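Here's my_file.cif, which has mmCIF, C-alpha atoms:
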data_data
loop_
_atom_site.group_PDB
_atom_site.id
_atom_site.type_symbol
_atom_site.label_atom_id
_atom_site.label_comp_id
_atom_site.auth_asym_id
_atom_site.auth_seq_id
_atom_site.Cartn_x
_atom_site.Cartn_y
_atom_site.Cartn_z
ATOM 1 C CA MET V 1415 110.139 114.167 124.689
ATOM 2 C CA ALA V 1416 113.537 114.270 126.356
ATOM 3 C CA THR V 1417 116.541 112.468 124.885
ATOM 4 C CA ARG V 1418 117.751 109.496 126.937
ATOM 5 C CA GLU V 1419 121.099 107.782 127.282
ATOM 6 C CA THR V 1420 119.507 104.313 127.382
ATOM 7 C CA PRO V 1421 116.699 102.864 125.236
ATOM 8 C CA TYR V 1422 113.234 102.310 126.683
ATOM 9 C CA GLY V 1423 112.384 98.830 127.866
ATOM 10 C CA ALA V 1424 109.909 96.921 125.681
ATOM 11 C CA TYR V 1425 108.095 95.370 128.654
ATOM 12 C CA ASN V 1426 105.888 98.264 129.832
ATOM 13 C CA PHE V 1427 103.068 98.972 127.380
ATOM 14 C CA LEU V 1428 99.310 99.378 127.155
ATOM 15 C CA VAL V 1429 96.891 98.444 124.350
ATOM 16 C CA GLU V 1430 93.620 100.378 124.181
ATOM 17 C CA MET V 1431 90.676 100.267 121.790
ATOM 18 C CA ASN V 1432 88.199 102.992 120.973
ATOM 19 C CA ASP V 1433 84.888 101.154 120.665
ATOM 20 C CA GLY V 1434 82.895 104.197 119.603
ATOM 21 C CA THR V 1435 82.372 105.558 123.093
ATOM 22 C CA SER V 1436 83.948 108.746 124.356
ATOM 23 C CA SER V 1437 87.088 107.106 125.736
ATOM 24 C CA ASP V 1438 89.493 104.280 125.020
ATOM 25 C CA SER V 1439 89.298 101.092 127.047
ATOM 26 C CA ALA V 1440 92.119 98.670 127.780
ATOM 27 C CA LEU V 1441 91.875 95.352 125.940
ATOM 28 C CA GLY V 1442 93.535 93.377 128.714
ATOM 29 C CA GLY V 1443 97.098 92.536 129.671
ATOM 30 C CA PHE V 1444 99.266 91.463 126.751
ATOM 31 C CA SER V 1445 102.545 89.604 126.815
ATOM 32 C CA ASP V 1446 103.460 90.478 123.224
ATOM 33 C CA VAL V 1447 102.597 93.040 120.560
ATOM 34 C CA SER V 1448 104.434 92.537 117.280
ATOM 35 C CA GLY V 1449 104.341 93.785 113.721
ATOM 36 C CA ILE V 1450 103.891 97.505 114.374
ATOM 37 C CA GLY V 1451 104.932 99.180 111.153
ATOM 38 C CA THR V 1452 104.123 101.013 107.966
ATOM 39 C CA GLU V 1453 105.490 100.756 104.457
ATOM 40 C CA ASN V 1454 105.692 103.246 101.597
ATOM 41 C CA SER V 1455 105.867 101.970 98.044
ATOM 42 C CA LEU V 1456 107.564 103.903 95.294
ATOM 43 C CA ILE V 1457 106.519 104.233 91.684
ATOM 44 C CA GLU V 1458 109.234 104.069 89.071
ATOM 45 C CA TYR V 1459 108.677 106.547 86.281
ATOM 46 C CA ARG V 1460 110.759 107.783 83.381
ATOM 47 C CA GLN V 1461 109.946 110.777 81.258
ATOM 48 C CA GLY V 1462 110.508 110.225 77.563
ATOM 49 C CA ASN V 1463 112.579 113.364 77.186
ATOM 50 C CA ASP V 1464 114.963 112.770 80.143
ATOM 51 C CA LYS V 1465 118.565 113.388 79.102
ATOM 52 C CA GLU V 1466 119.786 110.445 81.218
ATOM 53 C CA ASN V 1467 118.432 106.935 80.937
ATOM 54 C CA HIS V 1468 117.193 106.450 84.520
ATOM 55 C CA VAL V 1469 113.939 106.206 86.423
ATOM 56 C CA ARG V 1470 112.540 108.647 88.928
ATOM 57 C CA LYS V 1471 111.216 107.334 92.248
ATOM 58 C CA LEU V 1472 107.866 108.911 93.120
ATOM 59 C CA PRO V 1473 105.780 108.312 96.246
ATOM 60 C CA GLY V 1474 103.068 105.712 95.785
ATOM 61 C CA LEU V 1475 100.657 103.920 98.085
ATOM 62 C CA HIS V 1476 101.430 103.284 101.725
ATOM 63 C CA LYS V 1477 100.146 100.499 103.918
ATOM 64 C CA THR V 1478 100.062 99.508 107.552
ATOM 65 C CA SER V 1479 101.492 96.180 108.707
ATOM 66 C CA ASP V 1480 99.279 93.617 110.400
ATOM 67 C CA VAL V 1481 99.746 93.695 114.173
ATOM 68 C CA THR V 1482 99.677 90.585 116.358
ATOM 69 C CA LEU V 1483 98.455 90.790 119.960
ATOM 70 C CA LYS V 1484 99.123 87.903 122.371
ATOM 71 C CA ARG V 1485 97.746 87.450 125.859
ATOM 72 C CA GLY V 1486 97.071 84.761 128.399
ATOM 73 C CA LEU V 1487 93.654 83.152 128.032
ATOM 74 C CA MET V 1488 91.473 84.432 130.893
ATOM 75 C CA GLY V 1489 87.914 83.937 129.658
ATOM 76 C CA MET V 1490 87.558 87.512 128.346
ATOM 77 C CA ARG V 1491 85.254 87.597 125.318
ATOM 78 C CA ASN V 1492 86.106 91.006 123.846
ATOM 79 C CA PHE V 1493 88.224 89.529 121.023
ATOM 80 C CA TRP V 1494 85.548 87.026 120.075
ATOM 81 C CA GLU V 1495 82.727 89.588 120.247
ATOM 82 C CA TRP V 1496 84.693 91.879 117.936
ATOM 83 C CA ILE V 1497 85.308 89.003 115.488
ATOM 84 C CA GLU V 1498 81.615 88.045 115.451
ATOM 85 C CA ALA V 1499 80.578 91.671 114.922
ATOM 86 C CA THR V 1500 83.017 91.951 111.997
ATOM 87 C CA ARG V 1501 81.447 88.917 110.354
ATOM 88 C CA THR V 1502 77.986 90.486 110.356
ATOM 89 C CA SER V 1503 78.553 94.233 110.048
ATOM 90 C CA PRO V 1504 80.930 96.379 107.988
ATOM 91 C CA LYS V 1505 80.942 99.057 110.708
ATOM 92 C CA THR V 1506 83.196 97.287 113.186
ATOM 93 C CA ALA V 1507 86.446 99.131 112.538
ATOM 94 C CA ARG V 1508 88.063 100.394 115.729
ATOM 95 C CA ASN V 1509 91.043 102.571 116.466
ATOM 96 C CA LEU V 1510 93.726 100.856 118.533
ATOM 97 C CA SER V 1511 96.491 102.640 120.392
ATOM 98 C CA ILE V 1512 99.645 100.984 121.672
ATOM 99 C CA THR V 1513 101.448 103.079 124.254
ATOM 100 C CA LEU V 1514 105.012 102.505 125.443
ATOM 101 C CA ASN V 1515 105.637 103.626 129.019
ATOM 102 C CA ASP V 1516 108.876 104.492 130.775
ATOM 103 C CA GLU V 1517 110.057 102.940 134.052
ATOM 104 C CA GLN V 1518 107.779 105.256 136.076
ATOM 105 C CA GLY V 1519 104.701 104.327 133.993
ATOM 106 C CA ASN V 1520 104.589 107.606 132.031
ATOM 107 C CA ALA V 1521 103.580 107.398 128.365
ATOM 108 C CA VAL V 1522 106.530 108.164 126.079
ATOM 109 C CA MET V 1523 105.469 106.874 122.632
ATOM 110 C CA ARG V 1524 102.169 105.941 121.037
ATOM 111 C CA TRP V 1525 101.312 104.083 117.844
ATOM 112 C CA LYS V 1526 97.752 104.357 116.564
ATOM 113 C CA LEU V 1527 96.111 101.871 114.225
ATOM 114 C CA ILE V 1528 93.272 103.594 112.405
ATOM 115 C CA ASN V 1529 90.188 101.591 111.359
ATOM 116 C CA ALA V 1530 91.563 98.273 112.601
ATOM 117 C CA ARG V 1531 89.633 95.037 112.154
ATOM 118 C CA PRO V 1532 90.315 91.534 113.447
ATOM 119 C CA MET V 1533 91.797 89.315 110.792
ATOM 120 C CA LYS V 1534 92.757 86.103 112.556
ATOM 121 C CA TRP V 1535 92.303 84.595 116.012
ATOM 122 C CA THR V 1536 94.357 81.641 117.210
ATOM 123 C CA GLY V 1537 93.561 79.745 120.372
ATOM 124 C CA PRO V 1538 95.978 78.159 122.806
ATOM 125 C CA THR V 1539 98.217 75.194 122.142
ATOM 126 C CA LEU V 1540 97.092 72.566 124.621
ATOM 127 C CA ALA V 1541 99.724 70.062 125.728
ATOM 128 C CA ALA V 1542 99.726 67.791 128.771
ATOM 129 C CA LYS V 1543 103.481 68.007 129.331
ATOM 130 C CA GLY V 1544 103.451 69.934 132.585
ATOM 131 C CA GLY V 1545 101.918 72.780 134.481
ATOM 132 C CA SER V 1546 104.300 75.637 133.730
ATOM 133 C CA ASP V 1547 102.947 76.919 130.388
ATOM 134 C CA VAL V 1548 100.231 79.562 130.084
ATOM 135 C CA ALA V 1549 97.325 79.081 127.648
ATOM 136 C CA MET V 1550 97.708 81.922 125.132
ATOM 137 C CA GLU V 1551 95.381 83.477 122.585
ATOM 138 C CA GLU V 1552 96.516 85.528 119.617
ATOM 139 C CA LEU V 1553 94.680 88.145 117.562
ATOM 140 C CA VAL V 1554 95.981 89.559 114.280
ATOM 141 C CA VAL V 1555 94.482 92.905 113.295
ATOM 142 C CA ALA V 1556 94.679 94.740 109.981
ATOM 143 C CA ALA V 1557 94.426 98.533 109.874
ATOM 144 C CA GLU V 1558 93.826 101.115 107.173
ATOM 145 C CA GLY V 1559 96.002 103.810 108.700
ATOM 146 C CA PHE V 1560 98.957 104.333 111.007
ATOM 147 C CA GLU V 1561 100.014 107.258 113.192
ATOM 148 C CA PHE V 1562 103.027 107.681 115.460
ATOM 149 C CA ASP V 1563 103.232 110.162 118.294
ATOM 150 C CA ALA V 1564 106.094 110.841 120.692
ATOM 151 C CA VAL V 1565 104.104 111.790 123.789
#
How would this structure read if it were set down as structure tokens?
Amino acid sequence: MATRETPYGAYNFLVEMNDGTSSDSALGGFSDVSGIGTENSLIEYRQGNDKENHVRKLPGLHKTSDVTLKRGLMGMRNFWEWIEATRTSPKTARNLSITLNDEQGNAVMRWKLINARPMKWTGPTLAAKGGSDVAMEELVVAAEGFEFDAV
């Protein structure tokens, strides 16, 4: 990946899900993806024979942050079908990839959520105040693993 003088825009991205078939399929157009991240915890440990009275910081468990996907409500049922499958079967984990594209549409960075499952779905806020708002749905997914790749 080449070094740039300006940061990439956050508006050009693609979310894909591997549903067990040979290729990933797009989950639809999203307006927002938030919460991409991972966290490492440290274990504090002190040996009894250390000359100084201090703790050592050792690597501990790591976890992946919950990711929130938001999109306009268009009657697509793929979120709901995934939620229903998760309720009845433990084998519904999917790998999600979130790809950031440059201005020409070329992939430049990719975050992969390994063994992701839907955690929470929120429907649209319905208000009769005018016709300019879009009905939005939101899906929060939890994942067991996290990978980052600079394409």
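Taking atom CA of Asn1426 of chain V and atom CA of Leu1514 of chain V as the two end points, the separation is 6.2 Å.
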message = Need to verify the contact set: segment 1549-1551 of chain V, 8 Å, only C-alpha atoms, exclusion of same-chain residues closer than 6 positions in sequence. Can you return it as a VMD selection string?
response = chain V and resid 1484 to 1487 1535 to 1540
message = Set the distance at 9 Å and use all atoms listed in the file: which residues neighbour Leu1527 of chain V once local chain neighbours fewer than 2 positions away are removed? I'd like the list as an MDAnalysis selection string.
response = chainID V and resid 1450 1478 1481 1508:1512 1525 1529:1530 1556:1561
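Ranking V:Met1488, V:Met1431, V:Ile1528, V:Met1533 by their shortest atom-to-atom distance to Thr1500 of chain V, with all atoms listed in the file included, puts V:Met1533 first.
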key: Of the listed residues V:Glu1517, V:Thr1420, V:Gly1474, V:Asn1492, that which approaches Ser1455 of chain V most closely, counting only C-alpha atoms   =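 Checking each candidate against Ser1455 of chain V, we get V:Gly1474 as the closest.
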